[in-house]
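One file, model.txt, is given below (compact mmCIF, C-alpha atoms).
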# COMPACT_ATOMS: atom_id res chain seq x y z
CA MET A 24 44.86 63.68 35.00
CA ASN A 25 42.82 66.76 34.17
CA ASN A 26 39.12 67.29 34.81
CA HIS A 27 38.54 68.78 31.36
CA SER A 28 36.29 66.71 29.10
CA THR A 29 38.24 65.01 26.30
CA LEU A 30 37.60 65.15 22.57
CA VAL A 31 37.44 61.36 22.39
CA SER A 32 35.06 59.05 24.26
CA PRO A 33 36.62 55.62 24.91
CA ALA A 34 33.17 54.04 25.10
CA ALA A 35 32.16 55.55 21.75
CA VAL A 36 35.37 54.36 20.09
CA THR A 37 34.97 50.87 21.53
CA ALA A 38 31.43 50.70 20.15
CA LEU A 39 32.82 51.41 16.66
CA CYS A 40 35.69 48.92 16.86
CA ALA A 41 35.89 45.94 14.52
CA ALA A 42 36.72 42.44 15.76
CA SER A 43 40.43 43.08 15.17
CA ALA A 44 40.45 45.82 17.81
CA SER A 45 37.74 44.61 20.18
CA HIS A 46 40.31 43.50 22.78
CA VAL A 47 42.09 46.87 22.92
CA ALA A 48 41.52 48.90 26.10
CA ILE A 49 41.09 52.63 25.40
CA GLU A 50 41.65 55.61 27.64
CA ALA A 51 41.55 59.35 26.91
CA VAL A 52 43.05 62.23 28.89
CA PHE A 53 42.87 65.95 28.31
CA GLU A 54 46.59 66.55 28.81
CA THR A 55 49.77 64.62 29.54
CA GLY A 56 53.48 64.94 28.91
CA SER A 57 53.79 62.13 26.38
CA THR A 58 51.45 59.22 25.74
CA ASN A 59 54.44 57.10 24.71
CA ALA A 60 56.24 57.90 27.95
CA ASP A 61 53.07 57.13 29.94
CA LEU A 62 52.76 53.63 28.45
CA LEU A 63 56.48 52.86 28.66
CA ALA A 64 56.38 53.77 32.36
CA ARG A 65 53.60 51.26 32.91
CA LEU A 66 55.47 48.57 31.00
CA ASN A 67 58.56 49.14 33.08
CA ASP A 68 56.39 48.62 36.16
CA LEU A 69 55.70 44.95 35.37
CA GLY A 70 52.15 43.73 35.69
CA THR A 71 50.38 47.01 34.99
CA LEU A 72 49.53 46.11 31.38
CA SER A 73 47.85 42.80 30.66
CA GLY A 74 46.87 43.52 27.06
CA PRO A 75 46.90 46.14 24.31
CA LEU A 76 46.07 49.67 25.41
CA LEU A 77 45.39 52.82 23.38
CA ARG A 78 46.02 56.10 25.19
CA ILE A 79 44.83 59.34 23.60
CA ALA A 80 45.59 62.89 24.73
CA ASP A 81 44.09 66.16 23.50
CA GLN A 82 47.32 67.92 24.46
CA GLN A 83 50.90 66.78 25.04
CA SER A 84 53.39 69.05 26.76
CA ALA A 85 56.41 66.86 25.97
CA GLY A 86 55.51 65.06 22.75
CA ARG A 87 58.41 63.25 21.13
CA GLY A 88 59.41 62.29 17.61
CA ARG A 89 62.18 60.11 16.23
CA ALA A 90 65.77 60.59 17.45
CA GLY A 91 64.67 62.63 20.47
CA ARG A 92 63.05 65.41 18.45
CA SER A 93 60.11 67.32 19.92
CA TRP A 94 56.60 67.00 18.49
CA LEU A 95 54.83 70.36 18.65
CA SER A 96 51.04 70.67 18.57
CA ALA A 97 48.19 72.98 19.49
CA PRO A 98 45.12 71.99 21.56
CA GLY A 99 42.62 70.14 19.41
CA ALA A 100 44.66 70.62 16.22
CA ALA A 101 46.21 67.15 16.13
CA LEU A 102 45.20 63.58 16.83
CA MET A 103 47.81 62.14 19.20
CA PHE A 104 47.78 58.64 20.61
CA SER A 105 49.99 55.74 21.60
CA LEU A 106 49.20 52.04 21.38
CA ALA A 107 50.96 49.43 23.53
CA TRP A 108 50.99 46.03 21.80
CA ARG A 109 52.54 42.71 22.79
CA PHE A 110 54.45 40.73 20.15
CA GLN A 111 55.86 37.23 20.08
CA GLY A 112 59.20 38.52 18.76
CA PRO A 113 62.04 37.91 18.23
CA LEU A 114 63.39 41.41 18.67
CA HIS A 115 65.37 41.48 15.41
CA ARG A 116 62.16 40.97 13.42
CA MET A 117 60.74 44.20 14.84
CA THR A 118 62.91 46.37 12.58
CA GLY A 119 60.13 46.48 9.98
CA LEU A 120 57.39 47.42 12.46
CA PRO A 121 57.54 51.22 11.95
CA MET A 122 57.12 50.70 8.19
CA ALA A 123 54.15 48.37 8.68
CA VAL A 124 52.54 50.96 10.97
CA GLY A 125 53.11 53.59 8.27
CA VAL A 126 51.30 51.38 5.76
CA ALA A 127 48.35 50.89 8.13
CA LEU A 128 47.90 54.59 8.82
CA ALA A 129 48.52 55.73 5.24
CA GLU A 130 46.01 53.26 3.82
CA THR A 131 43.41 54.28 6.40
CA ILE A 132 43.87 58.01 5.84
CA ALA A 133 43.75 57.55 2.06
CA GLY A 134 40.55 55.55 2.47
CA LEU A 135 39.06 58.50 4.34
CA GLY A 136 39.71 60.80 1.37
CA VAL A 137 43.14 62.28 2.12
CA PRO A 138 45.80 60.86 -0.24
CA VAL A 139 49.16 60.48 1.50
CA GLN A 140 52.54 58.93 0.77
CA ILE A 141 55.28 57.56 3.02
CA LYS A 142 58.79 58.92 3.41
CA TRP A 143 61.17 56.27 4.71
CA PRO A 144 60.96 54.99 7.26
CA ASN A 145 57.47 56.07 8.29
CA ASP A 146 56.65 59.79 7.99
CA LEU A 147 53.36 60.41 6.22
CA LEU A 148 53.48 63.18 3.62
CA LYS A 149 50.68 65.16 2.02
CA GLY A 150 51.65 67.35 -0.91
CA GLY A 151 55.31 66.82 -0.04
CA ASP A 152 54.96 68.14 3.53
CA LYS A 153 54.81 66.15 6.74
CA LEU A 154 51.29 65.27 7.84
CA ALA A 155 51.99 62.65 10.50
CA GLY A 156 54.87 61.19 12.45
CA ILE A 157 55.29 57.78 14.04
CA LEU A 158 57.54 56.81 16.94
CA VAL A 159 57.91 53.13 17.85
CA GLU A 160 59.70 52.18 21.07
CA THR A 161 60.18 48.61 22.29
CA CYS A 162 60.96 46.84 25.52
CA VAL A 163 61.29 43.20 26.55
CA ASP A 164 58.96 41.63 29.10
CA LYS A 165 61.32 40.21 31.72
CA THR A 166 58.84 37.53 32.70
CA ASP A 167 58.58 35.68 29.39
CA GLY A 168 60.80 37.46 26.84
CA ALA A 169 57.88 38.80 24.82
CA ILE A 170 58.33 42.12 23.04
CA TRP A 171 56.15 45.10 23.85
CA ALA A 172 56.01 47.95 21.37
CA VAL A 173 54.63 51.39 22.13
CA ILE A 174 53.50 52.98 18.86
CA GLY A 175 53.07 56.73 19.08
CA THR A 176 51.34 58.71 16.35
CA GLY A 177 50.69 62.40 15.80
CA ILE A 178 48.51 63.49 12.87
CA ASN A 179 48.13 67.18 11.99
CA LEU A 180 44.42 67.80 11.47
CA LEU A 181 44.67 71.59 11.53
CA MET A 182 47.75 73.81 11.35
CA PRO A 183 47.31 77.22 12.99
CA ASP A 184 49.63 79.87 11.57
CA ALA A 185 51.26 80.45 14.96
CA LEU A 186 52.11 76.78 15.33
CA GLU A 187 53.57 76.55 11.82
CA GLN A 188 55.74 79.57 12.61
CA GLN A 189 56.90 77.85 15.80
CA ILE A 190 57.75 74.67 13.87
CA GLY A 191 59.64 76.79 11.35
CA ARG A 192 58.77 75.06 8.09
CA SER A 193 55.82 74.22 5.86
CA VAL A 194 53.72 71.47 7.45
CA ALA A 195 50.69 69.63 6.06
CA ALA A 196 47.28 69.36 7.70
CA ALA A 197 44.09 67.42 6.98
CA PRO A 198 41.11 69.68 7.71
CA TRP A 199 38.84 67.14 6.02
CA LEU A 200 39.68 64.66 8.78
CA ALA A 201 39.21 67.40 11.39
CA GLN A 202 35.55 67.63 10.29
CA MET A 203 35.00 63.91 11.01
CA ASP A 204 33.56 62.68 14.27
CA ARG A 205 36.72 62.24 16.33
CA ASN A 206 35.57 58.89 17.75
CA ALA A 207 34.90 57.50 14.27
CA LEU A 208 38.34 58.67 13.10
CA VAL A 209 40.10 57.00 16.02
CA ALA A 210 38.13 53.78 15.50
CA ALA A 211 38.99 53.67 11.78
CA LEU A 212 42.70 54.08 12.52
CA LEU A 213 42.66 51.59 15.39
CA ASN A 214 40.77 48.95 13.42
CA ARG A 215 43.32 48.95 10.58
CA LEU A 216 46.27 49.28 12.93
CA ALA A 217 45.20 46.34 15.10
CA ALA A 218 44.68 44.12 12.06
CA VAL A 219 48.10 45.04 10.65
CA LEU A 220 49.87 44.48 13.99
CA ALA A 221 48.33 41.02 14.34
CA GLU A 222 49.41 40.14 10.80
CA PHE A 223 52.89 41.55 11.37
CA ASP A 224 53.28 39.42 14.50
CA ASP A 225 52.60 36.32 12.39
CA THR A 226 54.54 37.19 9.24
CA GLY A 227 57.00 40.02 9.86
CA PHE A 228 57.34 42.87 7.38
CA ALA A 229 57.75 40.91 4.12
CA PRO A 230 54.03 40.90 3.10
CA PHE A 231 53.90 44.68 3.64
CA ALA A 232 56.90 45.62 1.49
CA GLU A 233 54.93 45.86 -1.76
CA ARG A 234 52.24 47.97 -0.08
CA TRP A 235 54.90 50.27 1.38
CA ASN A 236 56.62 50.65 -2.00
CA ALA A 237 53.30 51.57 -3.61
CA LEU A 238 53.09 54.49 -1.17
CA HIS A 239 56.77 55.52 -1.46
CA ALA A 240 56.94 59.31 -1.76
CA TRP A 241 60.47 59.57 -3.13
CA HIS A 242 60.67 56.54 -5.40
CA GLY A 243 63.31 57.04 -8.08
CA ARG A 244 64.48 60.37 -6.69
CA GLU A 245 67.98 61.37 -5.64
CA VAL A 246 68.32 61.48 -1.85
CA VAL A 247 70.99 61.91 0.80
CA LEU A 248 71.17 60.03 4.08
CA LEU A 249 72.41 62.10 7.02
CA ASP A 250 73.69 61.18 10.46
CA ASP A 251 74.05 64.20 12.75
CA GLY A 252 74.38 66.43 9.69
CA GLN A 253 77.03 64.30 8.00
CA VAL A 254 76.28 62.63 4.65
CA LEU A 255 76.43 58.84 4.98
CA GLN A 256 75.07 57.86 1.57
CA GLN A 257 73.75 59.51 -1.56
CA GLY A 258 71.84 57.82 -4.33
CA ARG A 259 68.54 57.06 -5.97
CA ALA A 260 65.79 55.78 -3.66
CA VAL A 261 64.46 52.47 -4.93
CA GLY A 262 62.16 51.34 -2.12
CA VAL A 263 62.34 48.90 0.79
CA ASP A 264 63.20 45.22 0.98
CA ALA A 265 61.47 42.38 2.84
CA ILE A 266 62.79 43.47 6.25
CA GLY A 267 62.21 47.19 5.77
CA ARG A 268 65.71 48.34 4.78
CA LEU A 269 65.87 51.31 2.41
CA LEU A 270 67.41 50.39 -0.95
CA LEU A 271 69.63 53.04 -2.51
CA ASP A 272 71.31 52.82 -5.91
CA THR A 273 74.60 54.66 -5.42
CA ALA A 274 77.63 55.26 -7.60
CA GLY A 275 79.21 52.22 -5.93
CA GLY A 276 76.19 49.94 -6.38
CA ARG A 277 73.05 49.13 -4.41
CA VAL A 278 73.17 49.52 -0.63
CA GLU A 279 70.69 48.58 2.09
CA VAL A 280 70.13 50.99 4.97
CA LEU A 281 68.62 50.21 8.37
CA SER A 282 66.74 53.01 10.06
CA GLY A 283 68.52 53.90 13.30
CA ASP A 284 68.66 57.64 13.93
CA VAL A 285 69.56 58.70 10.40
CA SER A 286 67.63 61.34 8.44
CA LEU A 287 66.62 61.10 4.80
CA ARG A 288 66.50 64.22 2.61
CA LEU A 289 66.02 64.93 -1.05
CA SER A 290 69.28 65.88 -2.75
CA PRO A 291 69.63 69.68 -3.04
CA GLU A 292 68.94 69.59 -6.78
CA GLN A 293 65.75 67.59 -6.12
CA SER A 294 64.47 69.76 -3.29
CA THR A 295 61.65 72.24 -3.87
CA GLY A 296 62.10 74.01 -0.55
CA ASN A 297 59.35 72.00 1.13
CA THR A 298 61.56 69.17 2.33
CA PRO A 299 59.84 67.53 5.32
CA CYS A 300 61.84 66.73 8.41
CA SER A 301 62.37 63.26 9.78

Transcribe the structure of this file into structure tokens.
Amino acid sequence: MNNHSTLVSPAAVTALCAASASHVAIEAVFETGSTNADLLARLNDLGTLSGPLLRIADQQSAGRGRAGRSWLSAPGAALMFSLAWRFQGPLHRMTGLPMAVGVALAETIAGLGVPVQIKWPNDLLKGGDKLAGILVETCVDKTDGAIWAVIGTGINLLMPDALEQQIGRSVAAAPWLAQMDRNALVAALLNRLAAVLAEFDDTGFAPFAERWNALHAWHGREVVLLDDGQVLQQGRAVGVDAIGRLLLDTAGGRVEVLSGDVSLRLSPEQSTGNTPCS
């Protein structure tokens, strides 16, 4: 824990929370390794989390993305937080959770004046470049079999030139959101996210599929699915089904793809050079 003052005030965020998020505990730190890792460590030490907890950090020295990738950021340039949430389960129904989270964040950000789309499974794109990433990690409560999910999010508010050079590709930012009161921004995201997570726990992903498809960045475009650099599938992206599988129309017919650690790319002939990473 650092003695620096943080950009977010938990008390101020709590005061702005709707009923859907009123039971969420909030804490803010100036710097940590990874907010996801922090919450997972507490969950693995049974009894240290009794309810949902949002942990926000101004800086992360070991931020993580999907498939073990690093998440790079500069102090104050990104909004980074993780939310621990308890679900009834069962575990197999959780496959659609990252897509439902993508819907919640995309709809909130669009409502704040920054139109975004979703790249399967849950990257948020602005102008074809990656604006935000989502990492969902789950564990089972050994006491009662309930499922805990830790939902990590990083949203690029500003993109300093030096950081973009370090990342090595074109990356989106949302300076309009950077001008907002940071507490109000966090509260808006948390309010929608908490409502969506409660609904997902009751219904699964099916009611969110149409909303996800309405935000689909690459609908109808030719894509390739890669696993460790090897092409697994190639076809036209249709959308997602009721459990969150990607639907691809290939030369051999329609296939359904579960997320795992695969990467989705536009086909070379479709790419404009600004292909976002997974």

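Take the candidates A:Gly252, A:Gly177, A:Gly276, A:Pro198 and check each one against Asn59 of chain A using all atoms listed in the file; the shortest distance goes to A:Gly177.
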
Checklist entry - What does the distance from atom CA of Thr29 of chain A to atom CA of Ala80 of chain A come to in Å, to one decimal? => result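 We find that atom CA of Thr29 of chain A and atom CA of Ala80 of chain A lie 7.8 Å from each other.
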
Checklist entry - Using only C-alpha atoms, which residues sit within 12 Å of Ile79 of chain A once same-chain residues fewer than 6 positions away are excluded, as a VMD selection string? => result chain A and resid 29 to 33 36 48 to 59 61 to 62 99 101 to 107 174 to 177 205 to 206 209 to 210 213

Item to check | One-decimal distance in Å that lies between atom CA of Asp224 of chain A and atom CA of Thr166 of chain A | outcome: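 According to the coordinates, atom CA of Thr166 of chain A and atom CA of Asp224 of chain A are separated by 19.1 Å.
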
Next on the checklist: If I take atom CA of Lys142 of chain A and atom CA of Arg244 of chain A, how far is one from the other in Å, to one decimal?
Outcome noted: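 Atom CA of Arg244 of chain A lies at a distance of 11.7 Å from atom CA of Lys142 of chain A.
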
Next on the checklist: If we count all atoms listed in the file and set the cut-off at 8 Å, which residues sit around segment 119-132 of chain A, ignoring sequence neighbours fewer than 2 positions away in its own chain? Please answer as number ranges by chain.
Outcome noted: A: 116-117, 134-141, 143-147, 157-159, 211-212, 215-216, 219-220, 223, 227-228, 231, 234-235, 238, 266-268

Just write the chosen residues, C-alpha atoms, as a PDB file, in the coordinates of the input.
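Result file follows (result.pdb):
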ATOM      1  CA  ARG A 116      62.160  40.970  13.420  1.00  0.00           C
ATOM      2  CA  MET A 117      60.740  44.200  14.840  1.00  0.00           C
ATOM      3  CA  GLY A 134      40.550  55.550   2.470  1.00  0.00           C
ATOM      4  CA  LEU A 135      39.060  58.500   4.340  1.00  0.00           C
ATOM      5  CA  GLY A 136      39.710  60.800   1.370  1.00  0.00           C
ATOM      6  CA  VAL A 137      43.140  62.280   2.120  1.00  0.00           C
ATOM      7  CA  PRO A 138      45.800  60.860  -0.240  1.00  0.00           C
ATOM      8  CA  VAL A 139      49.160  60.480   1.500  1.00  0.00           C
ATOM      9  CA  GLN A 140      52.540  58.930   0.770  1.00  0.00           C
ATOM     10  CA  ILE A 141      55.280  57.560   3.020  1.00  0.00           C
ATOM     11  CA  TRP A 143      61.170  56.270   4.710  1.00  0.00           C
ATOM     12  CA  PRO A 144      60.960  54.990   7.260  1.00  0.00           C
ATOM     13  CA  ASN A 145      57.470  56.070   8.290  1.00  0.00           C
ATOM     14  CA  ASP A 146      56.650  59.790   7.990  1.00  0.00           C
ATOM     15  CA  LEU A 147      53.360  60.410   6.220  1.00  0.00           C
ATOM     16  CA  ILE A 157      55.290  57.780  14.040  1.00  0.00           C
ATOM     17  CA  LEU A 158      57.540  56.810  16.940  1.00  0.00           C
ATOM     18  CA  VAL A 159      57.910  53.130  17.850  1.00  0.00           C
ATOM     19  CA  ALA A 211      38.990  53.670  11.780  1.00  0.00           C
ATOM     20  CA  LEU A 212      42.700  54.080  12.520  1.00  0.00           C
ATOM     21  CA  ARG A 215      43.320  48.950  10.580  1.00  0.00           C
ATOM     22  CA  LEU A 216      46.270  49.280  12.930  1.00  0.00           C
ATOM     23  CA  VAL A 219      48.100  45.040  10.650  1.00  0.00           C
ATOM     24  CA  LEU A 220      49.870  44.480  13.990  1.00  0.00           C
ATOM     25  CA  PHE A 223      52.890  41.550  11.370  1.00  0.00           C
ATOM     26  CA  GLY A 227      57.000  40.020   9.860  1.00  0.00           C
ATOM     27  CA  PHE A 228      57.340  42.870   7.380  1.00  0.00           C
ATOM     28  CA  PHE A 231      53.900  44.680   3.640  1.00  0.00           C
ATOM     29  CA  ARG A 234      52.240  47.970  -0.080  1.00  0.00           C
ATOM     30  CA  TRP A 235      54.900  50.270   1.380  1.00  0.00           C
ATOM     31  CA  LEU A 238      53.090  54.490  -1.170  1.00  0.00           C
ATOM     32  CA  ILE A 266      62.790  43.470   6.250  1.00  0.00           C
ATOM     33  CA  GLY A 267      62.210  47.190   5.770  1.00  0.00           C
ATOM     34  CA  ARG A 268      65.710  48.340   4.780  1.00  0.00           C
TER      35      ARG A 268
END

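In this comparison, which uses all atoms listed in the file, the residue of A:Asn179, A:Ser290, A:Gln256, A:Asn214 approaching Trp199 of chain A most closely is A:Asn179.
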
Checklist entry - When distances are computed from only C-alpha atoms, which of A:Leu270, A:Leu148, A:Val278, A:Leu287 shows the smallest separation from Asp251 of chain A? => result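 Closest candidate: A:Leu287.
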
Item to check | Among listed residues A:Ala207, A:Ala44, A:Ala274, A:Leu63, nearest Arg259 of chain A (using all atoms listed in the file) | outcome: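 Looking at the shortest contact to Arg259 of chain A, the residue is A:Ala274.
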
Checklist entry - So which residues are close to (51.3, 36.5, 20.5), meaning at most 10 Å away in the file's coordinates with all atoms listed in the file counted, and can you show them as an NGL selection string? => result :A and (108-112 or 169-170 or 221 or 224-225)

Starting from 6 Å padding per side, set up an axis-aligned box that covers all listed atoms of segment 109-125 of chain A and hand over centre and edge lengths in Å, one decimal, as JSON.
{"center_x": 59.0, "center_y": 45.4, "center_z": 15.5, "size_x": 24.8, "size_y": 28.4, "size_z": 26.6}

Atoms added to segment 99-110 of chain A (N, CA, C and O atoms), reported as a short mmCIF file (atom, residue, chain, number, x, y, z; two decimals), in the coordinates of the input:
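Saved result, out_5.cif, follows:
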data_model
loop_
_atom_site.label_atom_id
_atom_site.label_comp_id
_atom_site.auth_asym_id
_atom_site.auth_seq_id
_atom_site.Cartn_x
_atom_site.Cartn_y
_atom_site.Cartn_z
N GLY A 99 43.68 70.49 20.34
CA GLY A 99 42.62 70.14 19.41
C GLY A 99 43.01 70.11 17.94
O GLY A 99 42.21 69.72 17.10
N ALA A 100 44.25 70.52 17.63
CA ALA A 100 44.66 70.62 16.22
C ALA A 100 45.24 69.33 15.67
O ALA A 100 45.37 69.18 14.46
N ALA A 101 45.59 68.41 16.56
CA ALA A 101 46.21 67.15 16.13
C ALA A 101 45.54 65.98 16.83
O ALA A 101 44.95 66.14 17.91
N LEU A 102 45.64 64.83 16.20
CA LEU A 102 45.20 63.58 16.83
C LEU A 102 46.47 62.89 17.31
O LEU A 102 47.33 62.55 16.51
N MET A 103 46.59 62.70 18.62
CA MET A 103 47.81 62.14 19.20
C MET A 103 47.45 60.96 20.09
O MET A 103 46.61 61.08 21.00
N PHE A 104 48.06 59.83 19.80
CA PHE A 104 47.78 58.64 20.61
C PHE A 104 48.97 57.70 20.58
O PHE A 104 49.85 57.80 19.72
N SER A 105 48.99 56.81 21.55
CA SER A 105 49.99 55.74 21.60
C SER A 105 49.27 54.43 21.86
O SER A 105 48.30 54.37 22.62
N LEU A 106 49.79 53.37 21.25
CA LEU A 106 49.20 52.04 21.38
C LEU A 106 50.28 51.09 21.87
O LEU A 106 51.32 50.91 21.21
N ALA A 107 50.06 50.47 23.03
CA ALA A 107 50.96 49.43 23.53
C ALA A 107 50.46 48.08 23.03
O ALA A 107 49.28 47.75 23.19
N TRP A 108 51.37 47.30 22.43
CA TRP A 108 50.99 46.03 21.80
C TRP A 108 52.06 44.99 22.09
O TRP A 108 53.25 45.26 21.98
N ARG A 109 51.63 43.80 22.43
CA ARG A 109 52.54 42.71 22.79
C ARG A 109 52.79 41.82 21.57
O ARG A 109 51.86 41.40 20.90
N PHE A 110 54.06 41.55 21.29
CA PHE A 110 54.45 40.73 20.15
C PHE A 110 55.19 39.48 20.61
O PHE A 110 55.84 39.48 21.66
#
